[in-house]
Structure formats: structure tokens, C-alpha cells
Amino acid sequence: MSNENQNVNQNRIADIWHRIVLPELKQTYTGVLRVLLDKKIKILDKGLFDVWYFFPVLALLVFGLAVYHSASYDIGEQLCIAIVGFVGMFFLSQLNVKVFRQLATLSMAAAFVLLVIVLFKSGYNGTHRWIDVGLFSFQPSEIAKVTYILWLSYLMDKYKDKRRKPSSFFVFFGIVLLLVLFMLLESHLSGAILFFFIGYALMWYNNMDKKWFIAFTAAIALGAAALVSNPMAFTKVPGIKDYQMARIVTWKKVFLNQELTYDEKINDARQVLQSLYGIGSGGVGGVGYGQSAQKISNLQEQGNDFIFAVLGEELGLIGGLIMLFLFGWLVVRGIQIAYHANSRFAALVALGISTQMALQVLINVSVATSLLPNTGISLPFFSGGGTSIGITLLSMGVMLAISKDLRRDNEKQKENIKEKEENAE
């Protein structure tokens with residue numbers, strides 16, 4: 001590269017730094033100071049949140065803890081973190097939504113630091129997902145899920161006037177790919193898939209240039225078709241492991257009811273086969289709470305990624321449908337909350353969290369029933385892991401804070417109806 005080209009690139013980087021990065025950092029710093037020091041900023045927004053959103057949250061939490069207790073035989077740590085998360089949820093529900101907007105960039109910056117740190121931690125089978133701190137450990141990717149939604153929503157709200165420009169599409173698409181890259185560097189393929197589709201959905205909600213969505217969606221579909229047709233060709237992609245692609249190979253055989261080799265039955269296909277056996281033996285009403293046979297020795301990850309198999313075996317089709325109904329209620333109510341939000345930022349956050357919830361449930365259940373390859377995505381409220389249950393409850397706290405707008409609208413409508421009835425009399 002010539003000195004002239006190097007100077008041009010350096011000038012471009014310097015221009016981006018001074019024109020975009022520094023002002024953003026300054027605004028974040030002053031925004032945090034305003035939240036902490038300015039008495040005119042209303043930090044708390046006391047009041048009752050939407051009870052129709054809170055009810056499925058509470059039902060799923062109790063239901064999830066009960067199923068986890070049956071699957072793992074040990075609920076102590078999960079229960080303690082759930083209690084702390086529940087208190088945190090109530091605290092966040094009383095905050096003004098503007099506080100989340102002011103802290104969005106700072107929280108994402110902290111998550112970025114953690115995502116970098118975890119790459120230098122000792123991993124397991126080539127994965128780097130956990131950071132140990134004294135007696136406990138946590139997953140930075142779980143923290144990044146919520147901060148990622150807050151940050152993207154903040155940026156989309158801030159630059160809403162430029163959302164139709166092609167450059168905006170590529171800037172936001174680049175941010176999404178950056179988070180996906182971090183997940184791939186962790187060898188966290190399921191996280192990469194989840195982060196990509198959350199970001200892609202938020203870009204769609206933001207009403208960006210639709211022709212680019214059509215083009216990129218077509219490219220994604222072709223890529224997915226190529227991946228399914230020849231998975232092992234993707235093992236050279238950075239962050240993708242041989243065992244991840246081998247799972248797709250065996251999934252295809254299971255899905256198409258093809259003959260499996262003995263090695264595939266005891267390795268790559270074992271989890272999903274045992275999951276199907278468990279769900280199938282549950283029938284309509286299940287074998288009874290705590291009576292799962294698969295969880296004793298056959299099913300691995302019975303308290304985490306494949307906990308739905310335990311639920312299906314013990315509580316049957318009825319239990320599975322109740323769980324899906326509660327999640328559906330949560331997602332639909334979340335969309336209603338987004339519709340009534342009094343700011344673009346709040347609406348995008350509500351849609352983002354609802355999308356994340358829907359994606360995780362659909363992917364987890366689809367994996368357990370062999371509709372999708374094994375990707376290792378947890379089931380919210382049900383799967384074990386302190387970071388997962390804690391962050392899920394905190395994200396519900398953000399949703400409950402936003403839900404106050406829906407409650408205010410409902411109360412205002414009731415007042416208007418009452419006023420009209422009084423005037424009619």
C-alpha cells in the first residue's frame with residue numbers, strides 16, 4: 001500500500017473518530033452525569049405496571065423453576081438468583097424509560113469489554129463463554145443480549161431521520177455483524193444466530209430501505225440452503241467447529257428418517273434422539289411430575305438446552321401447550337406494549353426484547369423436537385444458568401417500565417369513556 005493510500009485511510013479514520021465516535025462518547029458521558037446529578041431529570045417513574053404482562057412473567061418463572069427442579073434435582077442456586085433477579089426486575093420497572101436511553105451506550109461499552117475479556121479466558125472444547133469471578137461465573141453474551149437491544153434502539157431513535165438512506169442500512173448491518181463476529185470468536189454459534197436475527201428484526205422494525213432487506217434476505221436464504229446441503233464445507237469459516245457442522249449432518253438424517261451409523265447414534269444424534277424418546281413417551285398427559293426416565297441417565301443437558309424434553313415427558317402435550325401459551329401471551333402483550341409506547345426508543349426496545357423471547361423459545365423447542373439442528377440455545381425461565389435467569393428477569397423489568405405507557409393509555413381511554421357517558425346523561 002502506497003504512502004498516499006495510507007494517509008487517505010488514516011484521514012478517514014480520524015474523520016470518523018472526530019465526527020462520530022468522540023461526540024457519541026461525550027454525549028454518553030454527559031448523559032450519565034445528567035441522570036446522576038441533574039435533579040430535573042426524573043429517574044423514577046413510580047406507578048403500577050401492566051399486570052397483564054406481569055402475570056405471564058410470574059407464571060413462567062414459577063413454572064420454569066418447578067420444571068428445572070425436577071430436571072436437575074437441585075434448585076438452590078437457581079432459586080437464589082431468581083429471587084435476586086425478581087427484586088431487580090421490580091427496581092427496573094420503577095425507572096423512567098429515559099434512564100435506559102441515557103445508559104444504553106455505556107452499558108453496551110461495558111458488554112463489549114466483557115466480550116473481549118472472555119476471549120482470553122480458558123475455554124472448554126474450543127469455546128470461550130464464561131468469566132469466573134470468585135465463587136460464581138457468568139456469560140457475557142447473556143448480558144450483551146439486553147444491552148445490544150438497548151443500544152441499537154438508541155442509535156435507531158437518534159438517527160431516525162436517516163433510516164431510509166442506504167448508508168444507514170449498511171452501518172447498522174455492520175454493527176449486527178460485529179456482534180455476530182464476537183459470538184463466532186467464542187465458538188458460540190447459537191449466540192451468533194440469535195444476535196443476527198434480533199438485529200435484523202430491529203432493522204426491519206425501524207423501517208429501513210426494504211430493497212436491501214429483500215436482497216440480503218435472499219442471500220441469507222441461499223446461504224442457509226448451502227449450509228444444509230453441504231455443512232462440512234463451512235468448517236473453514238472462522239469460529240465454526242467441525243462438531244457443529246456434524247450436528248447438521250446427523251440432524252438431516254434424523255429429520256428425513258434416514259439410517260444413522262452407530263457412531264452417530266451415540267454421539268452427535270444422541271441428544272436429539274433421547275429428547276424425542278422422552279417427548280414421545282410423555283403422550284398427552286405425561287408420565288407425571290418428577291417421573292422422567294430419560295433425565296436419569298440417557299438425556300444430557302436435561303436441565304439446560306434440552307429441558308423441554310423433560311417437560312414434555314413428565315407433563316405431556318398439555319404441559320408443552322401451556323408453556324407455549326404463556327410465552328405466546330408474553331410476546332403478544334409485548335408487541336401491544338411497543339405499540340402504545342410514548343417514544344420510538346421504548347417501542348424498539350419492547351419489540352427487540354419480545355423478538356428475542358420468541359426466537360429463543362421457537363429455536364429451543366424446535367431443537368428438542370428435531371425441527372432444527374442442535375444449536376444450544378437456552379429456554380428462558382426454564383433452563384439452568386444464573387446469568388440466563390437473572391438477565392431474563394432484568395429484561396422483563398425493562399418491559400414492565402415501558403408497559404406503564406400502555407396502562408396510562410388504558411386509564412385515559414376509560415376516563416374519556418366515562419366523561420362521554422356523563423355528558424350524554
# chains A, B, ... in the order shown; residues from 1 in each chain; ligands from 1

call {"tool": "residues_around", "arguments": {"residues": "Trp130 (chain A)", "least_positions_apart": "4", "cutoff": "10 Å", "atoms": "only C-alpha atoms", "output": "JSON, numbers by chain"}}
result
{"A": [114, 115, 117, 118, 119, 121, 122, 123, 124, 137, 138, 139, 140, 141, 186]}

call {"tool": "residues_around", "arguments": {"residues": "region 240-246 of chain A", "least_positions_apart": "5", "cutoff": "6 Å", "atoms": "only C-alpha atoms", "output": "number ranges by chain"}}
result
A: 231-232, 235

call {"tool": "atom_distance", "arguments": {"atom1": "CA of Gly319 (chain A)", "atom2": "CA of Phe63 (chain A)"}}
result
9.9 Å

call {"tool": "atom_distance", "arguments": {"atom1": "CA of Val51 (chain A)", "atom2": "CA of Ala341 (chain A)"}}
result
15.9 Å

call {"tool": "residues_around", "arguments": {"residues": "Arg408 (chain A)", "least_positions_apart": "6", "cutoff": "12 Å", "atoms": "only C-alpha atoms", "output": "list in words"}}
result
Gly47, Leu48, Phe49, Asp50, Ile337, His340, Ala341, Asn342, Ala401, Ile402, Lys414 and Glu415 of chain A

call {"tool": "write_last_selection", "arguments": {"atoms": "N, CA and C atoms", "output": "mmCIF file, in the first residue's frame"}}
result
data_model
loop_
_atom_site.group_PDB
_atom_site.id
_atom_site.type_symbol
_atom_site.label_atom_id
_atom_site.label_comp_id
_atom_site.auth_asym_id
_atom_site.auth_seq_id
_atom_site.Cartn_x
_atom_site.Cartn_y
_atom_site.Cartn_z
ATOM 1 N N GLY A 47 -45.332 3.874 39.873
ATOM 2 C CA GLY A 47 -46.684 3.544 39.435
ATOM 3 C C GLY A 47 -46.797 2.069 39.120
ATOM 4 N N LEU A 48 -48.013 1.620 38.922
ATOM 5 C CA LEU A 48 -48.255 0.215 38.648
ATOM 6 C C LEU A 48 -48.042 -0.075 37.163
ATOM 7 N N PHE A 49 -47.285 -1.111 36.895
ATOM 8 C CA PHE A 49 -47.040 -1.532 35.519
ATOM 9 C C PHE A 49 -48.223 -2.355 35.014
ATOM 10 N N ASP A 50 -48.116 -2.810 33.789
ATOM 11 C CA ASP A 50 -49.196 -3.575 33.169
ATOM 12 C C ASP A 50 -49.259 -4.977 33.781
ATOM 13 N N ILE A 337 -47.490 -3.534 24.037
ATOM 14 C CA ILE A 337 -46.781 -2.517 24.818
ATOM 15 C C ILE A 337 -45.956 -1.628 23.897
ATOM 16 N N HIS A 340 -48.046 0.985 22.108
ATOM 17 C CA HIS A 340 -48.521 2.103 22.932
ATOM 18 C C HIS A 340 -47.381 2.907 23.565
ATOM 19 N N ALA A 341 -46.134 2.544 23.291
ATOM 20 C CA ALA A 341 -45.001 3.259 23.895
ATOM 21 C C ALA A 341 -44.988 4.711 23.435
ATOM 22 N N ASN A 342 -44.590 5.613 24.350
ATOM 23 C CA ASN A 342 -44.639 7.041 24.024
ATOM 24 C C ASN A 342 -43.357 7.558 23.388
ATOM 25 N N ALA A 401 -41.321 -1.444 32.851
ATOM 26 C CA ALA A 401 -41.189 0.019 32.904
ATOM 27 C C ALA A 401 -41.850 0.659 31.684
ATOM 28 N N ILE A 402 -41.639 0.056 30.517
ATOM 29 C CA ILE A 402 -42.251 0.576 29.291
ATOM 30 C C ILE A 402 -43.764 0.368 29.310
ATOM 31 N N LYS A 414 -60.494 4.970 29.556
ATOM 32 C CA LYS A 414 -61.601 4.771 30.488
ATOM 33 C C LYS A 414 -62.151 6.105 30.970
ATOM 34 N N GLU A 415 -61.253 7.059 31.232
ATOM 35 C CA GLU A 415 -61.690 8.388 31.671
ATOM 36 C C GLU A 415 -62.496 9.086 30.572
#

call {"tool": "closest_residue", "arguments": {"among": "A:Val146, A:Leu348, A:Leu299, A:Ala82", "to": "Ile266 (chain A)", "atoms": "only C-alpha atoms"}}
result
A:Leu299

call {"tool": "atom_distance", "arguments": {"atom1": "CA of Gln294 (chain A)", "atom2": "CA of Leu273 (chain A)"}}
result
10.6 Å

call {"tool": "closest_residue", "arguments": {"among": "A:Ala71, A:Ile193, A:Ile81, A:Leu177", "to": "Thr392 (chain A)", "atoms": "only C-alpha atoms"}}
result
A:Ile81

call {"tool": "residues_around", "arguments": {"residues": "region 169-171 of chain A", "least_positions_apart": "4", "cutoff": "10 Å", "atoms": "only C-alpha atoms", "output": "PyMOL selection string"}}
result
chain A and resi 162-165+175-177+203-204+208-210+212-213

call {"tool": "write_last_selection", "arguments": {"atoms": "N, CA and C atoms", "output": "PDB file, in the first residue's frame"}}
result
ATOM      1  N   LYS A 162     -32.386   9.468   9.205  1.00  0.00           N
ATOM      2  CA  LYS A 162     -31.506   8.953   8.150  1.00  0.00           C
ATOM      3  C   LYS A 162     -31.756   7.473   7.863  1.00  0.00           C
ATOM      4  N   ARG A 163     -32.824   6.919   8.426  1.00  0.00           N
ATOM      5  CA  ARG A 163     -33.006   5.466   8.361  1.00  0.00           C
ATOM      6  C   ARG A 163     -33.269   4.961   6.949  1.00  0.00           C
ATOM      7  N   ARG A 164     -33.773   5.799   6.049  1.00  0.00           N
ATOM      8  CA  ARG A 164     -34.081   5.354   4.689  1.00  0.00           C
ATOM      9  C   ARG A 164     -32.862   5.382   3.767  1.00  0.00           C
ATOM     10  N   LYS A 165     -31.763   5.975   4.205  1.00  0.00           N
ATOM     11  CA  LYS A 165     -30.567   6.048   3.378  1.00  0.00           C
ATOM     12  C   LYS A 165     -29.881   4.686   3.320  1.00  0.00           C
ATOM     13  N   ILE A 175     -22.897  -3.169  12.407  1.00  0.00           N
ATOM     14  CA  ILE A 175     -22.939  -3.318  13.868  1.00  0.00           C
ATOM     15  C   ILE A 175     -23.437  -4.704  14.240  1.00  0.00           C
ATOM     16  N   VAL A 176     -24.475  -5.173  13.542  1.00  0.00           N
ATOM     17  CA  VAL A 176     -25.003  -6.518  13.802  1.00  0.00           C
ATOM     18  C   VAL A 176     -23.931  -7.566  13.541  1.00  0.00           C
ATOM     19  N   LEU A 177     -23.222  -7.436  12.419  1.00  0.00           N
ATOM     20  CA  LEU A 177     -22.177  -8.407  12.081  1.00  0.00           C
ATOM     21  C   LEU A 177     -21.023  -8.365  13.072  1.00  0.00           C
ATOM     22  N   MET A 203     -33.807  -3.808  12.614  1.00  0.00           N
ATOM     23  CA  MET A 203     -33.628  -3.001  11.404  1.00  0.00           C
ATOM     24  C   MET A 203     -34.924  -2.964  10.589  1.00  0.00           C
ATOM     25  N   TRP A 204     -35.625  -4.091  10.555  1.00  0.00           N
ATOM     26  CA  TRP A 204     -36.910  -4.140   9.845  1.00  0.00           C
ATOM     27  C   TRP A 204     -37.944  -3.265  10.551  1.00  0.00           C
ATOM     28  N   MET A 208     -36.269   0.541   7.597  1.00  0.00           N
ATOM     29  CA  MET A 208     -35.163   0.912   6.708  1.00  0.00           C
ATOM     30  C   MET A 208     -35.498   0.521   5.267  1.00  0.00           C
ATOM     31  N   ASP A 209     -34.599   0.855   4.370  1.00  0.00           N
ATOM     32  CA  ASP A 209     -34.804   0.635   2.944  1.00  0.00           C
ATOM     33  C   ASP A 209     -35.111  -0.846   2.673  1.00  0.00           C
ATOM     34  N   LYS A 210     -36.340  -1.126   2.207  1.00  0.00           N
ATOM     35  CA  LYS A 210     -36.800  -2.507   2.079  1.00  0.00           C
ATOM     36  C   LYS A 210     -36.107  -3.272   0.948  1.00  0.00           C
ATOM     37  N   TRP A 212     -33.030  -3.398   0.252  1.00  0.00           N
ATOM     38  CA  TRP A 212     -31.827  -4.061   0.773  1.00  0.00           C
ATOM     39  C   TRP A 212     -32.203  -5.262   1.623  1.00  0.00           C
ATOM     40  N   PHE A 213     -33.328  -5.177   2.314  1.00  0.00           N
ATOM     41  CA  PHE A 213     -33.798  -6.327   3.096  1.00  0.00           C
ATOM     42  C   PHE A 213     -34.118  -7.504   2.172  1.00  0.00           C
TER      43      PHE A 213
END

call {"tool": "residues_around", "arguments": {"residues": "Phe172 (chain A)", "least_positions_apart": "5", "cutoff": "9 Å", "atoms": "only C-alpha atoms", "output": "PyMOL selection string"}}
result
chain A and resi 152+155-156+167+177+199-200+203

call {"tool": "closest_residue", "arguments": {"among": "A:Ala338, A:Leu58, A:Ala219, A:Val228", "to": "Pro373 (chain A)", "atoms": "only C-alpha atoms"}}
result
A:Val228

call {"tool": "closest_atom_pairs", "arguments": {"of": "region 339-361 of chain A", "to": "region 83-102 of chain A", "cutoff": "12 Å", "atoms": "only C-alpha atoms", "output": "Markdown table"}}
result
| residue | atom | partner | partner_atom | distance |
| --- | --- | --- | --- | --- |
| A:Ala341 | CA | A:Val97 | CA | 10.0 |
| A:Asn342 | CA | A:Val97 | CA | 9.8 |
| A:Ser343 | CA | A:Val97 | CA | 9.1 |
| A:Arg344 | CA | A:Arg101 | CA | 10.8 |
| A:Phe345 | CA | A:Arg101 | CA | 7.3 |
| A:Ala346 | CA | A:Val97 | CA | 6.9 |
| A:Ala347 | CA | A:Val97 | CA | 10.6 |
| A:Leu348 | CA | A:Arg101 | CA | 11.3 |
| A:Val349 | CA | A:Arg101 | CA | 9.7 |
| A:Ala350 | CA | A:Val97 | CA | 11.1 |
